[in-house]
$ cat my_file.tsv   # TSV, C-alpha atoms
chain	number	residue	atom	x	y	z
A	1	MET	CA	95.79	136.47	98.59
A	2	ASN	CA	97.37	133.99	100.97
A	3	THR	CA	96.43	130.40	100.29
A	4	LEU	CA	97.14	127.34	102.31
A	5	ALA	CA	99.90	125.17	100.90
A	6	LEU	CA	98.52	121.70	100.28
A	7	GLY	CA	101.92	120.09	100.73
A	8	PRO	CA	105.39	121.69	100.34
A	9	SER	CA	105.29	125.48	100.14
A	10	TRP	CA	106.79	125.42	96.64
A	11	LEU	CA	103.75	123.44	95.45
A	12	ASP	CA	101.28	126.00	96.77
A	13	PRO	CA	99.32	127.33	93.73
A	14	ASP	CA	99.43	130.92	94.97
A	15	TYR	CA	103.21	130.74	95.46
A	16	LEU	CA	103.76	129.18	92.03
A	17	ILE	CA	101.66	131.77	90.22
A	18	ASN	CA	103.15	134.75	92.08
A	19	THR	CA	106.67	133.44	91.48
A	20	PHE	CA	106.51	132.15	87.90
A	21	GLY	CA	103.37	133.80	86.53
A	22	LEU	CA	101.40	132.40	83.60
A	23	PRO	CA	104.48	130.77	81.96
A	24	GLY	CA	104.94	128.72	85.13
A	25	VAL	CA	101.29	127.65	85.06
A	26	LEU	CA	101.59	126.54	81.43
A	27	LEU	CA	104.80	124.62	82.12
A	28	ILE	CA	103.21	122.77	85.04
A	29	VAL	CA	100.08	121.92	83.03
A	30	PHE	CA	102.30	120.63	80.23
A	31	ALA	CA	104.44	118.53	82.59
A	32	GLU	CA	101.50	117.06	84.50
A	33	SER	CA	99.75	116.11	81.27
A	34	GLY	CA	102.36	113.71	79.96
A	35	LEU	CA	105.78	113.76	81.61
A	36	LEU	CA	106.66	111.02	84.09
A	37	ILE	CA	108.01	113.56	86.56
A	38	GLY	CA	104.82	115.64	86.53
A	39	PHE	CA	102.42	113.38	88.40
A	40	PHE	CA	102.85	115.17	91.77
A	41	LEU	CA	102.14	118.68	90.47
A	42	PRO	CA	98.97	120.56	91.63
A	43	GLY	CA	97.02	120.70	88.36
A	44	ASP	CA	93.41	121.14	89.52
A	45	SER	CA	94.05	123.59	92.34
A	46	LEU	CA	96.53	125.50	90.17
A	47	LEU	CA	94.03	126.03	87.35
A	48	PHE	CA	91.29	126.99	89.79
A	49	THR	CA	93.56	129.55	91.45
A	50	THR	CA	94.65	130.88	88.05
A	51	GLY	CA	91.04	131.54	87.05
A	52	LEU	CA	90.36	133.20	90.39
A	53	LEU	CA	93.40	135.48	90.11
A	54	VAL	CA	92.37	136.55	86.60
A	55	THR	CA	88.92	137.52	87.90
A	56	THR	CA	90.36	139.49	90.82
A	57	GLY	CA	92.85	141.25	88.56
A	58	GLN	CA	95.93	139.80	90.26
A	59	LEU	CA	96.89	138.05	87.04
A	60	ASP	CA	96.93	140.65	84.29
A	61	THR	CA	96.05	138.45	81.30
A	62	PRO	CA	92.69	138.18	79.49
A	63	LEU	CA	90.71	135.15	80.62
A	64	TRP	CA	90.15	133.93	77.04
A	65	LEU	CA	93.89	133.95	76.39
A	66	VAL	CA	94.64	132.11	79.64
A	67	CYS	CA	92.08	129.42	78.75
A	68	LEU	CA	93.45	129.07	75.23
A	69	LEU	CA	97.06	128.73	76.39
A	70	VAL	CA	96.17	126.32	79.20
A	71	ALA	CA	94.23	124.08	76.79
A	72	LEU	CA	97.15	124.10	74.33
A	73	ALA	CA	99.63	123.24	77.10
A	74	ALA	CA	97.43	120.34	78.23
A	75	ILE	CA	96.97	119.02	74.69
A	76	ILE	CA	100.65	119.29	73.79
A	77	GLY	CA	101.60	117.63	77.09
A	78	ASP	CA	99.41	114.62	76.31
A	79	GLN	CA	100.86	114.53	72.80
A	80	VAL	CA	104.40	114.28	74.18
A	81	GLY	CA	103.28	111.57	76.61
A	82	TYR	CA	101.74	109.54	73.78
A	83	LEU	CA	104.86	109.77	71.62
A	84	PHE	CA	107.01	108.84	74.61
A	85	GLY	CA	104.83	105.79	75.25
A	86	ARG	CA	105.09	104.66	71.62
A	87	LYS	CA	108.86	104.98	71.72
A	88	VAL	CA	109.44	103.36	75.11
A	89	GLY	CA	106.81	100.64	74.70
A	90	PRO	CA	106.57	97.67	77.07
A	91	SER	CA	109.93	98.50	78.66
A	92	LEU	CA	108.05	101.10	80.73
A	93	PHE	CA	106.44	98.26	82.70
A	94	LYS	CA	109.89	96.85	83.53
A	95	ARG	CA	111.35	100.11	84.78
A	96	PRO	CA	112.42	99.87	88.45
A	97	ASP	CA	110.89	102.11	91.10
A	98	SER	CA	112.65	105.30	92.10
A	99	ARG	CA	111.84	108.38	94.17
A	100	LEU	CA	109.94	109.96	91.26
A	101	PHE	CA	108.70	106.81	89.54
A	102	LYS	CA	106.42	104.13	90.93
A	103	GLN	CA	105.43	101.09	88.91
A	104	GLU	CA	102.02	101.07	90.60
A	105	ASN	CA	101.20	104.41	88.94
A	106	VAL	CA	101.81	102.90	85.51
A	107	GLU	CA	99.71	99.85	86.34
A	108	LYS	CA	96.92	102.04	87.72
A	109	ALA	CA	96.83	104.11	84.51
A	110	HIS	CA	96.98	100.94	82.40
A	111	ASP	CA	93.96	99.46	84.20
A	112	PHE	CA	92.13	102.78	83.83
A	113	PHE	CA	92.86	102.85	80.09
A	114	GLU	CA	91.86	99.21	79.62
A	115	LYS	CA	88.58	99.77	81.45
A	116	TYR	CA	87.42	102.96	79.73
A	117	GLY	CA	89.20	102.73	76.36
A	118	PRO	CA	89.69	105.94	74.34
A	119	LYS	CA	87.34	107.95	76.55
A	120	SER	CA	89.81	107.38	79.40
A	121	LEU	CA	91.80	110.25	77.88
A	122	ILE	CA	88.91	112.53	78.83
A	123	LEU	CA	88.05	110.98	82.20
A	124	ALA	CA	91.70	110.74	83.29
A	125	ARG	CA	92.09	114.51	82.97
A	126	PHE	CA	90.11	114.87	86.18
A	127	VAL	CA	92.01	112.19	88.12
A	128	PRO	CA	95.39	113.20	89.64
A	129	VAL	CA	98.36	110.93	88.82
A	130	VAL	CA	96.27	108.92	86.36
A	131	ARG	CA	96.07	111.89	83.98
A	132	THR	CA	99.87	111.94	83.76
A	133	PHE	CA	100.29	108.30	82.83
A	134	THR	CA	97.20	107.63	80.69
A	135	PRO	CA	98.52	109.26	77.45
A	136	ILE	CA	101.76	107.34	77.92
A	137	ILE	CA	99.82	104.09	78.25
A	138	ALA	CA	97.84	105.05	75.13
A	139	GLY	CA	101.15	105.30	73.30
A	140	VAL	CA	102.38	101.99	74.70
A	141	SER	CA	99.13	100.37	73.54
A	142	ARG	CA	99.58	102.02	70.11
A	143	MET	CA	96.12	103.55	70.20
A	144	ASN	CA	94.93	104.81	66.81
A	145	TYR	CA	96.62	108.20	66.40
A	146	ARG	CA	93.59	110.00	64.95
A	147	SER	CA	91.38	108.79	67.78
A	148	PHE	CA	94.01	109.85	70.30
A	149	ILE	CA	94.17	113.38	68.90
A	150	VAL	CA	90.38	113.76	69.01
A	151	PHE	CA	90.00	112.57	72.60
A	152	ASN	CA	93.15	114.44	73.63
A	153	ILE	CA	91.74	117.74	72.37
A	154	ILE	CA	88.33	117.16	73.97
A	155	GLY	CA	89.89	116.21	77.31
A	156	GLY	CA	92.39	119.07	77.25
A	157	VAL	CA	89.69	121.66	76.59
A	158	LEU	CA	87.20	120.26	79.12
A	159	TRP	CA	89.77	120.06	81.90
A	160	GLY	CA	92.02	123.04	81.17
A	161	VAL	CA	89.29	125.50	80.22
A	162	GLY	CA	86.62	124.04	82.51
A	163	VAL	CA	88.56	124.18	85.77
A	164	THR	CA	89.99	127.63	84.94
A	165	LEU	CA	86.52	129.02	84.19
A	166	LEU	CA	85.21	127.44	87.38
A	167	GLY	CA	87.83	129.32	89.38
A	168	SER	CA	87.00	132.51	87.51
A	169	ALA	CA	83.26	132.16	88.10
A	170	LEU	CA	83.50	131.25	91.78
A	171	GLY	CA	86.17	133.89	92.33
A	172	LYS	CA	83.48	136.54	91.93
A	173	ILE	CA	81.75	135.22	95.05
A	174	ASP	CA	83.00	136.91	98.21
A	175	PHE	CA	82.59	133.78	100.32
A	176	VAL	CA	84.80	131.77	97.96
A	177	HIS	CA	87.41	134.50	97.78
A	178	GLU	CA	87.51	134.82	101.55
A	179	ASN	CA	87.77	131.05	102.05
A	180	ILE	CA	90.09	130.12	99.21
A	181	GLU	CA	92.05	127.71	101.44
A	182	ALA	CA	88.93	125.64	102.07
A	183	MET	CA	88.01	125.75	98.37
A	184	LEU	CA	91.42	124.42	97.31
A	185	ILE	CA	91.19	121.62	99.84
A	186	LEU	CA	87.69	120.81	98.58
A	187	ILE	CA	88.93	120.67	94.98
A	188	VAL	CA	91.75	118.32	95.92
A	189	LEU	CA	89.33	116.09	97.82
A	190	ILE	CA	86.88	116.02	94.90
A	191	SER	CA	89.66	115.17	92.46
A	192	VAL	CA	90.66	112.23	94.67
A	193	VAL	CA	87.10	110.84	94.81
A	194	PRO	CA	87.40	108.86	91.53
A	195	ILE	CA	90.56	107.16	92.79
A	196	ALA	CA	88.87	106.31	96.10
A	197	ILE	CA	85.83	104.89	94.30
A	198	GLU	CA	87.98	102.73	92.02
A	199	PHE	CA	90.01	101.53	95.00
A	200	LEU	CA	86.88	100.52	96.91
A	201	ARG	CA	85.44	98.78	93.83
A	202	ALA	CA	88.66	96.87	93.23
A	203	ARG	CA	88.84	95.90	96.89
A	204	SER	CA	85.22	94.73	96.90
A	205	LYS	CA	85.79	92.77	93.67
A	206	SER	CA	88.88	91.06	95.03
A	207	LYS	CA	87.00	90.09	98.21
A	208	LYS	CA	84.15	88.59	96.17
A	209	GLU	CA	86.59	86.68	93.97
A	210	ALA	CA	88.40	85.38	97.05
A	211	ALA	CA	85.11	84.32	98.61
A	212	SER	CA	83.92	82.55	95.47
A	213	GLY	CA	87.33	80.95	95.06
A	214	GLY	CA	87.19	79.66	98.62
A	215	GLY	CA	83.85	78.01	97.91
A	216	GLU	CA	85.13	76.09	94.93
A	217	GLY	CA	86.11	72.51	95.42
A	218	GLN	CA	83.53	71.92	98.17
A	219	GLY	CA	80.72	69.39	97.70
A	220	PRO	CA	79.78	67.26	94.71
A	221	SER	CA	78.83	70.32	92.65
A	222	ALA	CA	82.50	71.30	92.57
A	223	GLY	CA	83.21	68.49	90.13
A	224	GLY	CA	85.44	66.53	92.53
A	225	SER	CA	85.20	62.82	93.31
A	226	PRO	CA	82.43	61.79	95.75
A	227	SER	CA	83.25	61.26	99.37
A	228	PRO	CA	83.54	57.74	100.81
A	229	GLY	CA	80.11	58.13	102.43
A	230	GLN	CA	78.52	59.12	99.13
A	231	ARG	CA	80.12	56.14	97.37
A	232	GLY	CA	78.66	53.87	100.03
A	233	ARG	CA	75.12	55.25	99.53
A	234	HIS	CA	75.41	54.87	95.77
A	235	ALA	CA	76.53	51.24	96.19
A	236	LYS	CA	73.39	50.37	98.22
A	237	ARG	CA	71.07	51.63	95.44
$ encode --input "my_file.tsv" --output "structure tokens"
Amino acid sequence: MNTLALGPSWLDPDYLINTFGLPGVLLIVFAESGLLIGFFLPGDSLLFTTGLLVTTGQLDTPLWLVCLLVALAAIIGDQVGYLFGRKVGPSLFKRPDSRLFKQENVEKAHDFFEKYGPKSLILARFVPVVRTFTPIIAGVSRMNYRSFIVFNIIGGVLWGVGVTLLGSALGKIDFVHENIEAMLILIVLISVVPIAIEFLRARSKSKKEAASGGGEGQGPSAGGSPSPGQRGRHAKR
């Protein structure tokens, strides 16, 4: 199977699986789930392709074992991210930008965590970049450890097993197998939808706040002192 590289050739899911096999898949899932350097890795498309290759027999490992190992890698990755966040703490927000680290990614994950609370650990699994930083932010915020473990397991299973099974199920369809490039692009686009929605909401909110802020201070209802003309009318009464 020859898939289309969605970026550098060494990030193409087909290339990664053919080169590194299942151990490579597990390492990438682990890294993307909680290591700062893992945010750029192709998690969704990689899991989808893994499930498809299992179905077509190109990856000689039982599907149940692949799903189990992927879920464990995702859960352990989040666990490492949480512990890292607890250890590093607020200093993470003061870390300067570099080629592999952008402060805006931390702030984006922090806002996501603040908005959705513990369930963000589940939702973030399906949002690229955010899923890497959210467990770290949970650690920085010192989220209750028991709650973290529960939501971490749920999110790891839903994402790791769910996307892999989706690839396995759709891989049995000839149309999907013959148009795998388009399917991978579609998966990437779908995974970016939540980020686009949040961006548009934030942009709309900021515009409304700017508009309402611009209206403040105008007219007597703004709480300011009356104009000279108003004072004159009041004096005649």
$ closest_residue --input "my_file.tsv" --among "A:Val127, A:Val70, A:Ile154, A:Ile185" --to "Ile197 in chain A" --atoms "all atoms listed in the file"
A:Val127
$ residues_around --input "my_file.tsv" --residues "range 25-29 of chain A" --least-positions-apart "2" --cutoff "8 Å" --atoms "all atoms listed in the file" --output "list in words"
Leu16, Ile17, Phe20, Gly21, Leu22, Pro23, Ala31, Glu32, Ser33, Gly38, Leu41, Gly43, Leu46, Leu47, Thr50, Leu69, Val70, Ala73, Ala74 and Gly77 of chain A
$ residues_around --input "my_file.tsv" --residues "Asn18 in chain A" --least-positions-apart "3" --cutoff "10 Å" --atoms "all atoms listed in the file" --output "NGL selection string"
:A and (1 or 13-15 or 21-22 or 24 or 53 or 58-59)
$ closest_residue --input "my_file.tsv" --among "A:Val161, A:Ile190, A:Leu52, A:Met143" --to "Gly117 in chain A" --atoms "all atoms listed in the file"
A:Met143
$ residues_near_point --input "my_file.tsv" --point "(102.9, 105.8, 72.3)" --cutoff "12 Å" --atoms "all atoms listed in the file" --output "ChimeraX atom specification"
/A:34,78-92,133-145,148
$ atom_distance --input "my_file.tsv" --atom1 "CA of Val130 in chain A" --atom2 "CA of Asn179 in chain A"
28.4 Å
$ atom_distance --input "my_file.tsv" --atom1 "CA of Trp159 in chain A" --atom2 "CA of Ala71 in chain A"
7.9 Å
$ atom_distance --input "my_file.tsv" --atom1 "CA of Leu36 in chain A" --atom2 "CA of Pro96 in chain A"
13.3 Å
$ closest_residue --input "my_file.tsv" --among "A:Pro118, A:Gly57, A:Pro128, A:Gly171" --to "Asn152 in chain A" --atoms "all atoms listed in the file"
A:Pro118
$ residues_around --input "my_file.tsv" --residues "Ala169 in chain A" --least-positions-apart "5" --cutoff "9 Å" --atoms "all atoms listed in the file" --output "number ranges by chain"
A: 51-52, 55, 164
$ closest_residue --input "my_file.tsv" --among "A:Ser206, A:Thr19, A:Ser212, A:Thr49" --to "Leu165 in chain A" --atoms "all atoms listed in the file"
A:Thr49
$ build_atoms --input "my_file.tsv" --residues "range 159-175 of chain A" --atoms "N, CA and C atoms" --output "PDB file, in the frame of the given file"
ATOM      1  N   TRP A 159      89.065 119.927  80.622  1.00  0.00           N
ATOM      2  CA  TRP A 159      89.770 120.060  81.900  1.00  0.00           C
ATOM      3  C   TRP A 159      90.420 121.437  82.030  1.00  0.00           C
ATOM      4  N   GLY A 160      91.267 121.794  81.075  1.00  0.00           N
ATOM      5  CA  GLY A 160      92.020 123.040  81.170  1.00  0.00           C
ATOM      6  C   GLY A 160      91.128 124.271  81.220  1.00  0.00           C
ATOM      7  N   VAL A 161      90.194 124.346  80.282  1.00  0.00           N
ATOM      8  CA  VAL A 161      89.290 125.500  80.220  1.00  0.00           C
ATOM      9  C   VAL A 161      88.243 125.419  81.324  1.00  0.00           C
ATOM     10  N   GLY A 162      87.705 124.201  81.529  1.00  0.00           N
ATOM     11  CA  GLY A 162      86.620 124.040  82.510  1.00  0.00           C
ATOM     12  C   GLY A 162      87.017 124.422  83.919  1.00  0.00           C
ATOM     13  N   VAL A 163      88.139 123.902  84.396  1.00  0.00           N
ATOM     14  CA  VAL A 163      88.560 124.180  85.770  1.00  0.00           C
ATOM     15  C   VAL A 163      88.972 125.650  85.922  1.00  0.00           C
ATOM     16  N   THR A 164      89.594 126.216  84.886  1.00  0.00           N
ATOM     17  CA  THR A 164      89.990 127.630  84.940  1.00  0.00           C
ATOM     18  C   THR A 164      88.757 128.527  84.993  1.00  0.00           C
ATOM     19  N   LEU A 165      87.766 128.235  84.170  1.00  0.00           N
ATOM     20  CA  LEU A 165      86.520 129.020  84.190  1.00  0.00           C
ATOM     21  C   LEU A 165      85.776 128.859  85.505  1.00  0.00           C
ATOM     22  N   LEU A 166      85.856 127.659  86.086  1.00  0.00           N
ATOM     23  CA  LEU A 166      85.210 127.440  87.380  1.00  0.00           C
ATOM     24  C   LEU A 166      85.828 128.347  88.433  1.00  0.00           C
ATOM     25  N   GLY A 167      87.154 128.428  88.437  1.00  0.00           N
ATOM     26  CA  GLY A 167      87.830 129.320  89.380  1.00  0.00           C
ATOM     27  C   GLY A 167      87.482 130.770  89.132  1.00  0.00           C
ATOM     28  N   SER A 168      87.348 131.138  87.855  1.00  0.00           N
ATOM     29  CA  SER A 168      87.000 132.510  87.510  1.00  0.00           C
ATOM     30  C   SER A 168      85.588 132.856  87.961  1.00  0.00           C
ATOM     31  N   ALA A 169      84.660 131.917  87.737  1.00  0.00           N
ATOM     32  CA  ALA A 169      83.260 132.160  88.100  1.00  0.00           C
ATOM     33  C   ALA A 169      83.075 132.235  89.612  1.00  0.00           C
ATOM     34  N   LEU A 170      83.663 131.267  90.320  1.00  0.00           N
ATOM     35  CA  LEU A 170      83.500 131.250  91.780  1.00  0.00           C
ATOM     36  C   LEU A 170      84.316 132.347  92.452  1.00  0.00           C
ATOM     37  N   GLY A 171      85.351 132.834  91.757  1.00  0.00           N
ATOM     38  CA  GLY A 171      86.170 133.890  92.330  1.00  0.00           C
ATOM     39  C   GLY A 171      85.424 135.203  92.491  1.00  0.00           C
ATOM     40  N   LYS A 172      84.296 135.328  91.812  1.00  0.00           N
ATOM     41  CA  LYS A 172      83.480 136.540  91.930  1.00  0.00           C
ATOM     42  C   LYS A 172      82.616 136.517  93.190  1.00  0.00           C
ATOM     43  N   ILE A 173      82.557 135.356  93.829  1.00  0.00           N
ATOM     44  CA  ILE A 173      81.750 135.220  95.050  1.00  0.00           C
ATOM     45  C   ILE A 173      82.635 135.541  96.258  1.00  0.00           C
ATOM     46  N   ASP A 174      82.198 136.479  97.061  1.00  0.00           N
ATOM     47  CA  ASP A 174      83.000 136.910  98.210  1.00  0.00           C
ATOM     48  C   ASP A 174      83.336 135.764  99.152  1.00  0.00           C
ATOM     49  N   PHE A 175      82.354 134.892  99.399  1.00  0.00           N
ATOM     50  CA  PHE A 175      82.590 133.780 100.320  1.00  0.00           C
ATOM     51  C   PHE A 175      83.728 132.894  99.833  1.00  0.00           C
TER      52      PHE A 175
END
